[in-house]
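K.L.:
I am attaching a structure below and will ask some questions about it afterwards.
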Amino acid sequence: MQKMITILGPTACGKTALAVALADAFSRRGLPAEILSADSRQVYRGMDIGTGKDLSDYVIDGRTVPYHLIDICEPGTKYNLFEYQHDFLEAYESVTSRGAKPIFCGGTGLYLEAVLKGYHLSPVPQNQPLRDELEGKPLDELARMLEDLKRKTGSSMHNKTDVDSPQRAIRAIEIEVYNMEHPVPLRPFPAIESLVVGVDVGRDVRRERISRRLKARLDEGMADEVRGLLARGIAADDLIYYGLEYKYVTEYVIGRLSYDEMFRQLEIAIHQFAKRQMTWFRGMERRGTAIHWIDGSLPMDRKVSEIMNCEC
């Protein structure tokens, strides 16, 4: 079975383009490669611009590099980590059964670590009394409650990277409370050997890329994408639940924020998000995941060559 390569890093570091170039390089050597996405928002159909799917990036010289775990569920639903682990394993086994090289790529730390560390998870039902009790509490208070629970349980799940709205924080608390009260049954998840590569760029470069990309996505019609989702009957609160672009752009579209307020607050939020992603990845290293870091500003052929040399 082919050893997996994982490519992770903060937003705007060029992970997807590198994964595609790497897959193409393997294919040119006679080993087909396919990409498994680790992005908690790109799973939703129709949420394209705001999640930065950039599906054209998967095309090299007219050939589409196969990808998985993108566009697999409907917007407005609450896809979760338990479902992701199941879907990942199904896709991974499909890729490896064909003798293809699996390349795991993304920036959602919780999804990445759930696979690389083989988290044992169980489905967690809704706890309506708990939800009613937490409804209306500010995000900072919910975050403190979550940290207290994590200290009691020793949990490494639900970093701030993945809990950036009150709704998501409440769901995280719900999961931690359930797992504290109910022993988690062992759910078979195979040990997957992987070379883990981290991609990063300097702080100033990353900030410039984030700001430039945000402007480009707004010019591409991110607000119109949100209007279209709302017109399909998806509730504004459901879009806000997804955080970042969908939170702020939805608040702009429904009149809660002006355009300038939306842009300024969203730009700050994405910069903060990238910083929290790096905090998560450093935490992964402390928890035993060896990450080989490379400079995302290097020419693409240099990055691909460095990864292939490490893999060998």
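To be explicit about the labels: the chains of the structure tokens are called A, B, and onward in the order shown, and within each one the residues are counted from 1, while ligands get numbers from 1 in the order they are shown.
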Which parts of segment 190-237 of chain A does DSSP call strand (DSSP E or B) when run on the backbone here, written out as a list of chain:residue names?

P.N.:
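Matching residues for strand (DSSP E or B) in segment 190-237 of chain A are A:Ser194, A:Leu195, A:Val196, A:Val197, A:Gly198, A:Val199, A:Asp200.
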
K.L.:
Just want the 9 Å neighbourhood of Lys247 of chain A, counted on only C-alpha atoms, with same-chain residues fewer than 5 positions away dropped. Output as a list in words.

P.N.:
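Non-adjacent residues within range: Ser165, Ala236, Asp237, Leu239, Ile240, Tyr241, Tyr242, Tyr252 and Leu266 of chain A.
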
K.L.:
What's the 9 Å shell around Ala290 of chain A, counting only C-alpha atoms, without same-chain residues fewer than 5 positions away, as a list in words?

P.N.:
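Listed by chain and then number, they are Leu195, Val196, Val197, Met284 and Glu285 of chain A.
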
K.L.:
Restricted to C-alpha atoms, what would the selected residues look like written as a compact mmCIF listing (two decimals), in the first residue's frame?

P.N.:
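And here is the file that came out, out_15.txt:
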```txt
# COMPACT_ATOMS: atom_id res chain seq x y z
CA LEU A 195 4.98 11.82 5.68
CA VAL A 196 3.66 15.11 7.06
CA VAL A 197 4.82 18.28 5.31
CA MET A 284 0.29 18.63 16.78
CA GLU A 285 4.09 18.57 16.94
```

K.L.:
Identify which of the residues A:Arg206, A:Arg213, A:Ala100, A:Gly243 lies closest to Ser40 of chain A, counting only C-alpha atoms when measuring atom-to-atom distances.

P.N.:
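Smallest separation from Ser40 of chain A among the options: A:Gly243.
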
K.L.:
Counting only C-alpha atoms, which residues in segment 189-270 of chain A sit no more than 10 Å from segment 113-122 of chain A? For each one, give the nearest pair of atoms and the distance in Å, sorted by chain then residue number, as a Markdown table.

P.N.:
```
| residue | atom | partner | partner_atom | distance |
| --- | --- | --- | --- | --- |
| A:Phe189 | CA | A:Gly118 | CA | 5.8 |
| A:Pro190 | CA | A:Gly118 | CA | 7.0 |
| A:Ala191 | CA | A:Gly118 | CA | 6.6 |
| A:Ile192 | CA | A:Leu116 | CA | 6.7 |
| A:Glu193 | CA | A:Leu116 | CA | 8.0 |
| A:Ser194 | CA | A:Leu116 | CA | 7.6 |
| A:Val196 | CA | A:Leu116 | CA | 9.1 |
```

K.L.:
Between A:Val124, A:Leu55, A:Ala38, A:Ala25, which one has atoms that come closest to Ala91 of chain A, using only C-alpha atoms?

P.N.:
A:Ala38

K.L.:
Which residue is closest to Asp54 of chain A? Choose from A:Lys15, A:Glu135, A:Thr279, A:Asp238 and count only C-alpha atoms.

P.N.:
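So, comparing all the options, the nearest one is A:Lys15.
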
K.L.:
With only C-alpha atoms as the basis for distance, which of A:Leu134, A:Leu230, A:Val253, A:Ile70 is at the shortest distance from Val43 of chain A?

P.N.:
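Result for the nearest residue to Val43 of chain A: A:Ile70.
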
K.L.:
Find, counting only C-alpha atoms, the residue in A:Arg203, A:His68, A:Lys78, A:Lys137 that gets nearest to Ser94 of chain A.

P.N.:
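So, comparing all the options, the nearest one is A:His68.
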
K.L.:
As a list in words, please: the residues near Ser297 of chain A (cut-off 12 Å, only C-alpha atoms, same-chain neighbours under 4 positions excluded).

P.N.:
Ala12, Cys13, Gly14, Lys15, Leu18, Val199, Asp200, Val201, Gly202, Arg203, Asp204, Val205, Arg206, Arg209, Asp301, Arg302 and Lys303 of chain A

K.L.:
Dump N, CA and C atoms for the selected residues as a PDB file, in the first residue's frame?

P.N.:
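Listing of selection.pdb after writing:
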```pdb
ATOM      1  N   ALA A  12      -3.786  30.450   2.729  1.00  0.00           N
ATOM      2  CA  ALA A  12      -3.031  31.287   1.791  1.00  0.00           C
ATOM      3  C   ALA A  12      -1.555  30.935   1.694  1.00  0.00           C
ATOM      4  N   CYS A  13      -1.176  29.723   2.131  1.00  0.00           N
ATOM      5  CA  CYS A  13       0.236  29.337   2.009  1.00  0.00           C
ATOM      6  C   CYS A  13       0.514  28.573   0.716  1.00  0.00           C
ATOM      7  N   GLY A  14      -0.534  28.222  -0.049  1.00  0.00           N
ATOM      8  CA  GLY A  14      -0.333  27.531  -1.308  1.00  0.00           C
ATOM      9  C   GLY A  14      -0.370  26.020  -1.212  1.00  0.00           C
ATOM     10  N   LYS A  15      -1.113  25.478  -0.237  1.00  0.00           N
ATOM     11  CA  LYS A  15      -1.168  24.024  -0.025  1.00  0.00           C
ATOM     12  C   LYS A  15      -1.738  23.281  -1.231  1.00  0.00           C
ATOM     13  N   LEU A  18       0.419  23.132  -4.329  1.00  0.00           N
ATOM     14  CA  LEU A  18       1.552  22.229  -4.106  1.00  0.00           C
ATOM     15  C   LEU A  18       1.102  20.774  -4.171  1.00  0.00           C
ATOM     16  N   VAL A 199       3.615  23.618   5.194  1.00  0.00           N
ATOM     17  CA  VAL A 199       3.973  24.711   4.285  1.00  0.00           C
ATOM     18  C   VAL A 199       3.691  26.026   4.990  1.00  0.00           C
ATOM     19  N   ASP A 200       4.663  26.898   5.014  1.00  0.00           N
ATOM     20  CA  ASP A 200       4.439  28.210   5.632  1.00  0.00           C
ATOM     21  C   ASP A 200       5.217  29.263   4.867  1.00  0.00           C
ATOM     22  N   VAL A 201       4.764  30.490   5.008  1.00  0.00           N
ATOM     23  CA  VAL A 201       5.468  31.641   4.447  1.00  0.00           C
ATOM     24  C   VAL A 201       5.647  32.653   5.571  1.00  0.00           C
ATOM     25  N   GLY A 202       6.465  33.655   5.346  1.00  0.00           N
ATOM     26  CA  GLY A 202       6.661  34.678   6.357  1.00  0.00           C
ATOM     27  C   GLY A 202       5.355  35.388   6.700  1.00  0.00           C
ATOM     28  N   ARG A 203       5.291  35.912   7.908  1.00  0.00           N
ATOM     29  CA  ARG A 203       4.064  36.546   8.384  1.00  0.00           C
ATOM     30  C   ARG A 203       3.606  37.664   7.468  1.00  0.00           C
ATOM     31  N   ASP A 204       4.524  38.518   7.024  1.00  0.00           N
ATOM     32  CA  ASP A 204       4.142  39.643   6.159  1.00  0.00           C
ATOM     33  C   ASP A 204       3.646  39.150   4.802  1.00  0.00           C
ATOM     34  N   VAL A 205       4.296  38.126   4.262  1.00  0.00           N
ATOM     35  CA  VAL A 205       3.859  37.564   2.983  1.00  0.00           C
ATOM     36  C   VAL A 205       2.470  36.961   3.126  1.00  0.00           C
ATOM     37  N   ARG A 206       2.260  36.235   4.206  1.00  0.00           N
ATOM     38  CA  ARG A 206       0.949  35.608   4.419  1.00  0.00           C
ATOM     39  C   ARG A 206      -0.148  36.662   4.548  1.00  0.00           C
ATOM     40  N   ARG A 209      -0.924  38.062   1.136  1.00  0.00           N
ATOM     41  CA  ARG A 209      -1.668  37.089   0.333  1.00  0.00           C
ATOM     42  C   ARG A 209      -3.129  37.010   0.779  1.00  0.00           C
ATOM     43  N   ASP A 301       8.883  23.863  -8.285  1.00  0.00           N
ATOM     44  CA  ASP A 301       9.678  22.667  -8.558  1.00  0.00           C
ATOM     45  C   ASP A 301      10.612  22.345  -7.398  1.00  0.00           C
ATOM     46  N   ARG A 302      11.102  23.387  -6.702  1.00  0.00           N
ATOM     47  CA  ARG A 302      11.947  23.155  -5.532  1.00  0.00           C
ATOM     48  C   ARG A 302      11.150  22.495  -4.408  1.00  0.00           C
ATOM     49  N   LYS A 303       9.933  22.959  -4.190  1.00  0.00           N
ATOM     50  CA  LYS A 303       9.101  22.383  -3.120  1.00  0.00           C
ATOM     51  C   LYS A 303       8.758  20.927  -3.434  1.00  0.00           C
TER      52      LYS A 303
END
```

K.L.:
Mind listing the alpha helix (DSSP H) residues of segment 44-266 of chain A, per DSSP on the backbone, as an NGL selection string?

P.N.:
:A and (81-97 or 109-116 or 128-134 or 139-153 or 166-181 or 203-220 or 222-231 or 236-241 or 244-253 or 259-266)

K.L.:
Mind checking which residues fall within 9 Å of Leu142 of chain A, counting only C-alpha atoms, ignoring those fewer than 6 positions away in the same chain, and posting them as a PyMOL selection string?

P.N.:
chain A and resi 134+166+169-170+173

K.L.:
One decimal, Å: what's the distance from atom CA of Ala172 of chain A over to atom CA of Glu83 of chain A, could you say?

P.N.:
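Spanning atom CA of Ala172 of chain A to atom CA of Glu83 of chain A is a straight-line distance of 14.9 Å.
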
K.L.:
Restricting the calculation to only C-alpha atoms, which member of A:Gln2, A:Tyr79, A:Ala223, A:Ala17 is positioned closest to Ser56 of chain A?

P.N.:
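Of the candidates, the smallest distance to Ser56 of chain A is held by A:Ala17.
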
K.L.:
Excluding segment 8-11 of chain A and its own-chain neighbours fewer than 3 positions away, which residues fall within 6 Å of it when counting only C-alpha atoms? Please give them as a list in words.

P.N.:
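Final neighbour list, sorted by chain and number: Cys105, Gly106, Gly107, Gly198, Val199, Ala274 and Gln277 of chain A.
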